[in-house]
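The block underneath contains the structure these notes are about, expressed in structure tokens.
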Amino acid sequence: MALHPLAAQFPVVAGAYERGRPEYAPAVAGCIAAELAIPPGAPVLDLAAGTGKLTRALLGIGLDVTAIEPQASLRDILAASVGPERVREGLAEAIPLPDGSVSAVTVADAFHWFDATAALGEIRRVLRAGGGLAVLSTVPDWSGASWAHEVGTLMAALRPDHPHYDGPPWQDAVQAAGGWTAPREIRVTTSQPAYAERIVDYVASVSWIAALSEDDRAETLAQIGAIIDAGETPAELPIHVRIGLTSLA
């Protein structure tokens, strides 16, 4: 199955993705483990793992994580940070793991790229009885920065039709599939250091910015960098993580 055209742009900006995307605090991984009753050392699948942001957090609380990522440049960074023995190439719609092999599946900022029906079928297949699914959505909060409105408006003006914003929520797919507990959501807020280069890298890692031509992308990032440099940025900015949860019924 082909990747969504916007998702297929991430390899162009793999380095910026690793530098700019927020890290997941131990509290996020701990919340997933507690809510899905994942015991220490249990096997967990981090699906569409990217460069390993969530993978590393899950490993940090003692889970036995396998990370699956379809795109080679992201997978290379992932393997360098967590070890190649933990990394597999694969898609959500065709997971290269045996039936009933994991206690939980996590998906961070990626479920909207999936064929939800096919992916949920595969997730169900690899989960053990009673296993759970965590669907994360990460939202940097720039409201404390003087440039937040201007940068946000510029980015929104460039955004094409996008499944995260314009498609159905993941909860609809879970409820339509049947056989899952009622979806619920928990929010965890942490903060991370904020500085112009990191913000620009984050913007560069956004799919529709990555999809611009090289010249247009460079011009857009230079414009955003100039706006940020001319404004005021707090030393830290909040990161809101929405953790959607459901389990096999």
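Ligands are numbered from 1 in the order shown, chains are lettered A, B, ... in the order of the structure tokens, and residues start at 1 in each chain.
Those residues that approach range 35-49 of chain A to within 7 Å, counting only C-alpha atoms, are Cys31, Ile32, Ala33, Thr51, Gly52, Thr55, Gly62, Leu63, Asp64, Val65, Thr66, Ala67, Ile68, Glu69, Pro70, Ala92, Val102, Ser103, Ala104, Val105, Thr106, Val107, Ala110 and Gly132 of chain A; same-chain residues fewer than 2 positions away are not listed.
Look at range 234-236 of chain A: the protein and nucleic acid residues within 7 Å of it, using only C-alpha atoms and passing over chain neighbours fewer than 4 places away, are Gly144, Ala145, Ser191, Gln192, Pro193 and Ala194 of chain A.
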Expected file contents, prior selection, N, CA and C atoms, as a PDB file, in the first residue's frame:
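Generated file (out.pdb):
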```pdb
ATOM      1  N   GLY A 144       2.591  31.558  24.412  1.00  0.00           N
ATOM      2  CA  GLY A 144       3.387  32.483  25.222  1.00  0.00           C
ATOM      3  C   GLY A 144       4.445  33.236  24.449  1.00  0.00           C
ATOM      4  N   ALA A 145       4.565  32.963  23.154  1.00  0.00           N
ATOM      5  CA  ALA A 145       5.566  33.625  22.310  1.00  0.00           C
ATOM      6  C   ALA A 145       4.912  34.758  21.528  1.00  0.00           C
ATOM      7  N   SER A 191       6.754  20.705  29.541  1.00  0.00           N
ATOM      8  CA  SER A 191       7.367  21.835  28.852  1.00  0.00           C
ATOM      9  C   SER A 191       8.752  21.432  28.377  1.00  0.00           C
ATOM     10  N   GLN A 192       9.226  22.128  27.346  1.00  0.00           N
ATOM     11  CA  GLN A 192      10.545  21.852  26.793  1.00  0.00           C
ATOM     12  C   GLN A 192      11.238  23.152  26.428  1.00  0.00           C
ATOM     13  N   PRO A 193      12.566  23.133  26.412  1.00  0.00           N
ATOM     14  CA  PRO A 193      13.297  24.345  26.015  1.00  0.00           C
ATOM     15  C   PRO A 193      12.851  24.820  24.637  1.00  0.00           C
ATOM     16  N   ALA A 194      12.760  26.130  24.483  1.00  0.00           N
ATOM     17  CA  ALA A 194      12.319  26.724  23.221  1.00  0.00           C
ATOM     18  C   ALA A 194      13.353  27.746  22.755  1.00  0.00           C
TER      19      ALA A 194
END
```
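With only C-alpha atoms as the atoms that count, the residue of A:Gly60, A:Gly15, A:Gly100, A:Pro26 with the shortest distance to Leu74 in chain A is A:Gly15.
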Within 10 Å of Val206 in chain A, counting only C-alpha atoms, which residues show up once you throw out same-chain ones fewer than 4 positions away? Write them as a short mmCIF file (atom, residue, chain, number, x, y, z; two decimals) with N, CA and C atoms, in the first residue's frame, please.
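Output contents, as saved in selection_39.cif:
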```cif
data_model
loop_
_atom_site.label_atom_id
_atom_site.label_comp_id
_atom_site.auth_asym_id
_atom_site.auth_seq_id
_atom_site.Cartn_x
_atom_site.Cartn_y
_atom_site.Cartn_z
N LEU A 6 1.46 13.25 1.48
CA LEU A 6 2.09 14.16 2.44
C LEU A 6 3.02 13.40 3.40
N ALA A 7 2.59 12.24 3.86
CA ALA A 7 3.44 11.44 4.75
C ALA A 7 4.73 11.03 4.06
N GLN A 9 6.60 12.72 2.40
CA GLN A 9 7.58 13.81 2.35
C GLN A 9 8.52 13.83 3.56
N PHE A 10 8.21 13.08 4.61
CA PHE A 10 9.02 13.16 5.83
C PHE A 10 10.50 12.84 5.62
N VAL A 13 12.93 15.72 5.28
CA VAL A 13 13.24 16.56 6.45
C VAL A 13 13.52 15.72 7.69
N ALA A 16 15.54 17.48 10.46
CA ALA A 16 14.75 18.50 11.14
C ALA A 16 13.70 17.88 12.04
N TYR A 17 13.13 16.76 11.59
CA TYR A 17 12.13 16.05 12.39
C TYR A 17 12.73 15.63 13.73
N GLY A 20 13.62 18.93 15.78
CA GLY A 20 12.57 19.88 16.12
C GLY A 20 11.36 19.31 16.82
N ARG A 21 11.02 18.05 16.55
CA ARG A 21 9.83 17.49 17.19
C ARG A 21 10.06 17.31 18.69
N MET A 155 1.47 29.38 8.54
CA MET A 155 1.45 27.93 8.32
C MET A 155 0.06 27.45 7.88
N ARG A 159 -1.48 25.24 4.37
CA ARG A 159 -1.90 23.85 4.57
C ARG A 159 -2.93 23.41 3.54
N ASP A 201 13.03 24.14 13.00
CA ASP A 201 13.11 22.72 12.66
C ASP A 201 11.76 22.04 12.80
N TYR A 202 11.01 22.41 13.84
CA TYR A 202 9.68 21.83 13.99
C TYR A 202 8.81 22.18 12.78
N ALA A 210 7.23 20.29 4.41
CA ALA A 210 8.17 19.39 3.75
C ALA A 210 7.80 19.16 2.29
N ALA A 211 6.51 19.23 1.98
CA ALA A 211 6.04 18.97 0.62
C ALA A 211 6.26 20.13 -0.34
#
```
- Looking only at the backbone, which of the residues in range 32-62 of chain A does DSSP tag as strand (DSSP E or B), as JSON, numbers by chain? {"A": [43, 44, 45, 46, 47]}
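Reported to one decimal place, the separation of CA of Ala173 in chain A from CA of Ser207 in chain A is 22.6 Å.
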- By how many Å are CA of Glu150 in chain A and CA of Leu237 in chain A apart? 16.7 Å
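Coordinates place CA of Leu136 in chain A at a distance of 9.7 Å from CA of Ile186 in chain A.
Counting only C-alpha atoms, Ala8 in chain A has the following residues at most 9 Å away, ignoring those fewer than 3 positions along the same chain: Ala2, Leu3, His4, Pro5, Pro11, Val12, Gln71, Ser207 and Ala211 of chain A.
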- Given the choices A:Thr153, A:Thr138, A:Thr117, A:Gln171, which gets closest to Val188 in chain A if the distance is worked out from only C-alpha atoms? A:Thr138
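Nearest residue to Glu185 in chain A, choosing from A:Gly225, A:Arg242, A:Met1, A:Gly131 and counting only C-alpha atoms: A:Arg242.
Take the candidates A:Val82, A:Ala129, A:Ala57, A:Val174 and check each one against Phe111 in chain A using only C-alpha atoms; the shortest distance goes to A:Val174.
Considering only C-alpha atoms, the residue among A:Leu248, A:Ala196, A:Ala79, A:Val28 positioned nearest to Leu127 in chain A is A:Leu248.
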- DSSP on the backbone, then: every residue of range 9-227 of chain A marked alpha helix (DSSP H), written as a PyMOL selection string. chain A and resi 14-20+26-35+53-60+72-82+116-126+148-158+163-166+170-177+196-205+207-210+214-227
Resulting file, chosen residues, C-alpha atoms, as a short mmCIF file (atom, residue, chain, number, x, y, z; two decimals), in the first residue's frame:
```cif
data_model
loop_
_atom_site.label_atom_id
_atom_site.label_comp_id
_atom_site.auth_asym_id
_atom_site.auth_seq_id
_atom_site.Cartn_x
_atom_site.Cartn_y
_atom_site.Cartn_z
CA ALA A 14 14.28 13.61 8.62
CA GLY A 15 17.03 15.56 10.39
CA ALA A 16 14.75 18.50 11.14
CA TYR A 17 12.13 16.05 12.39
CA GLU A 18 14.54 14.58 14.93
CA ARG A 19 15.85 18.00 16.04
CA GLY A 20 12.57 19.88 16.12
CA PRO A 26 8.56 9.93 31.09
CA ALA A 27 5.13 11.00 32.36
CA VAL A 28 3.65 10.32 28.91
CA ALA A 29 5.08 6.81 28.68
CA GLY A 30 4.14 6.15 32.29
CA CYS A 31 0.57 7.25 31.65
CA ILE A 32 0.25 4.86 28.70
CA ALA A 33 1.61 1.96 30.75
CA ALA A 34 -0.67 2.71 33.69
CA GLU A 35 -3.85 3.26 31.70
CA LYS A 53 10.65 9.92 19.85
CA LEU A 54 8.05 7.75 21.59
CA THR A 55 10.08 4.55 21.21
CA ARG A 56 12.82 6.00 23.42
CA ALA A 57 10.34 7.11 26.07
CA LEU A 58 8.76 3.66 26.22
CA LEU A 59 12.16 2.01 26.48
CA GLY A 60 13.00 4.47 29.23
CA ALA A 72 14.28 4.44 5.34
CA SER A 73 15.76 7.80 6.31
CA LEU A 74 13.58 7.99 9.41
CA ARG A 75 14.28 4.35 10.17
CA ASP A 76 18.04 4.96 10.01
CA ILE A 77 17.84 7.63 12.72
CA LEU A 78 15.52 5.38 14.73
CA ALA A 79 17.90 2.41 14.54
CA ALA A 80 20.88 4.56 15.51
CA SER A 81 19.10 5.69 18.68
CA VAL A 82 17.44 2.47 19.89
CA ALA A 116 -7.90 2.99 9.53
CA THR A 117 -9.94 -0.14 8.85
CA ALA A 118 -6.97 -2.17 7.63
CA ALA A 119 -4.67 -0.85 10.34
CA LEU A 120 -7.09 -1.62 13.15
CA GLY A 121 -7.46 -5.15 11.80
CA GLU A 122 -3.70 -5.62 11.88
CA ILE A 123 -3.38 -4.03 15.32
CA ARG A 124 -6.07 -6.40 16.62
CA ARG A 125 -4.20 -9.35 15.09
CA VAL A 126 -0.87 -8.62 16.80
CA ALA A 148 2.73 32.68 17.73
CA HIS A 149 -0.20 34.19 15.84
CA GLU A 150 1.85 35.36 12.87
CA VAL A 151 3.66 32.05 12.42
CA GLY A 152 0.51 30.02 12.98
CA THR A 153 -1.43 32.07 10.44
CA LEU A 154 1.33 31.70 7.85
CA MET A 155 1.45 27.93 8.32
CA ALA A 156 -2.34 27.56 8.18
CA ALA A 157 -2.47 29.51 4.92
CA LEU A 158 -0.12 26.97 3.33
CA PRO A 163 -6.29 13.99 7.15
CA HIS A 164 -5.45 15.09 10.70
CA TYR A 165 -7.45 18.30 10.37
CA ASP A 166 -9.98 17.38 7.71
CA TRP A 170 -9.57 7.99 15.14
CA GLN A 171 -12.36 7.33 17.63
CA ASP A 172 -14.86 7.01 14.77
CA ALA A 173 -12.78 4.26 13.16
CA VAL A 174 -12.49 2.36 16.46
CA GLN A 175 -16.21 2.55 17.10
CA ALA A 176 -17.03 1.52 13.53
CA ALA A 177 -14.69 -1.47 13.74
CA ALA A 196 14.41 29.83 17.32
CA GLU A 197 16.37 27.03 15.64
CA ARG A 198 14.25 24.33 17.27
CA ILE A 199 11.00 26.05 16.34
CA VAL A 200 12.12 26.40 12.72
CA ASP A 201 13.11 22.72 12.66
CA TYR A 202 9.68 21.83 13.99
CA VAL A 203 8.01 23.86 11.24
CA ALA A 204 10.29 22.23 8.65
CA SER A 205 9.15 18.80 9.88
CA SER A 207 4.27 17.45 6.34
CA TRP A 208 2.90 20.23 4.15
CA ILE A 209 5.99 22.38 4.67
CA ALA A 210 8.17 19.39 3.75
CA GLU A 214 13.06 23.10 -2.10
CA ASP A 215 13.14 26.81 -2.96
CA ASP A 216 9.68 27.52 -1.52
CA ARG A 217 10.48 25.58 1.63
CA ALA A 218 13.73 27.47 2.14
CA GLU A 219 11.97 30.80 1.59
CA THR A 220 9.15 29.90 3.98
CA LEU A 221 11.52 28.73 6.72
CA ALA A 222 13.67 31.85 6.32
CA GLN A 223 10.56 34.01 6.66
CA ILE A 224 9.43 32.16 9.77
CA GLY A 225 12.92 32.29 11.26
CA ALA A 226 13.03 36.05 10.75
CA ILE A 227 9.64 36.48 12.43
#
```
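Among the candidate residues A:Pro160, A:Pro84, A:Pro169, A:Pro140, the one lying nearest to Thr189 in chain A is A:Pro140, with distances computed using only C-alpha atoms.
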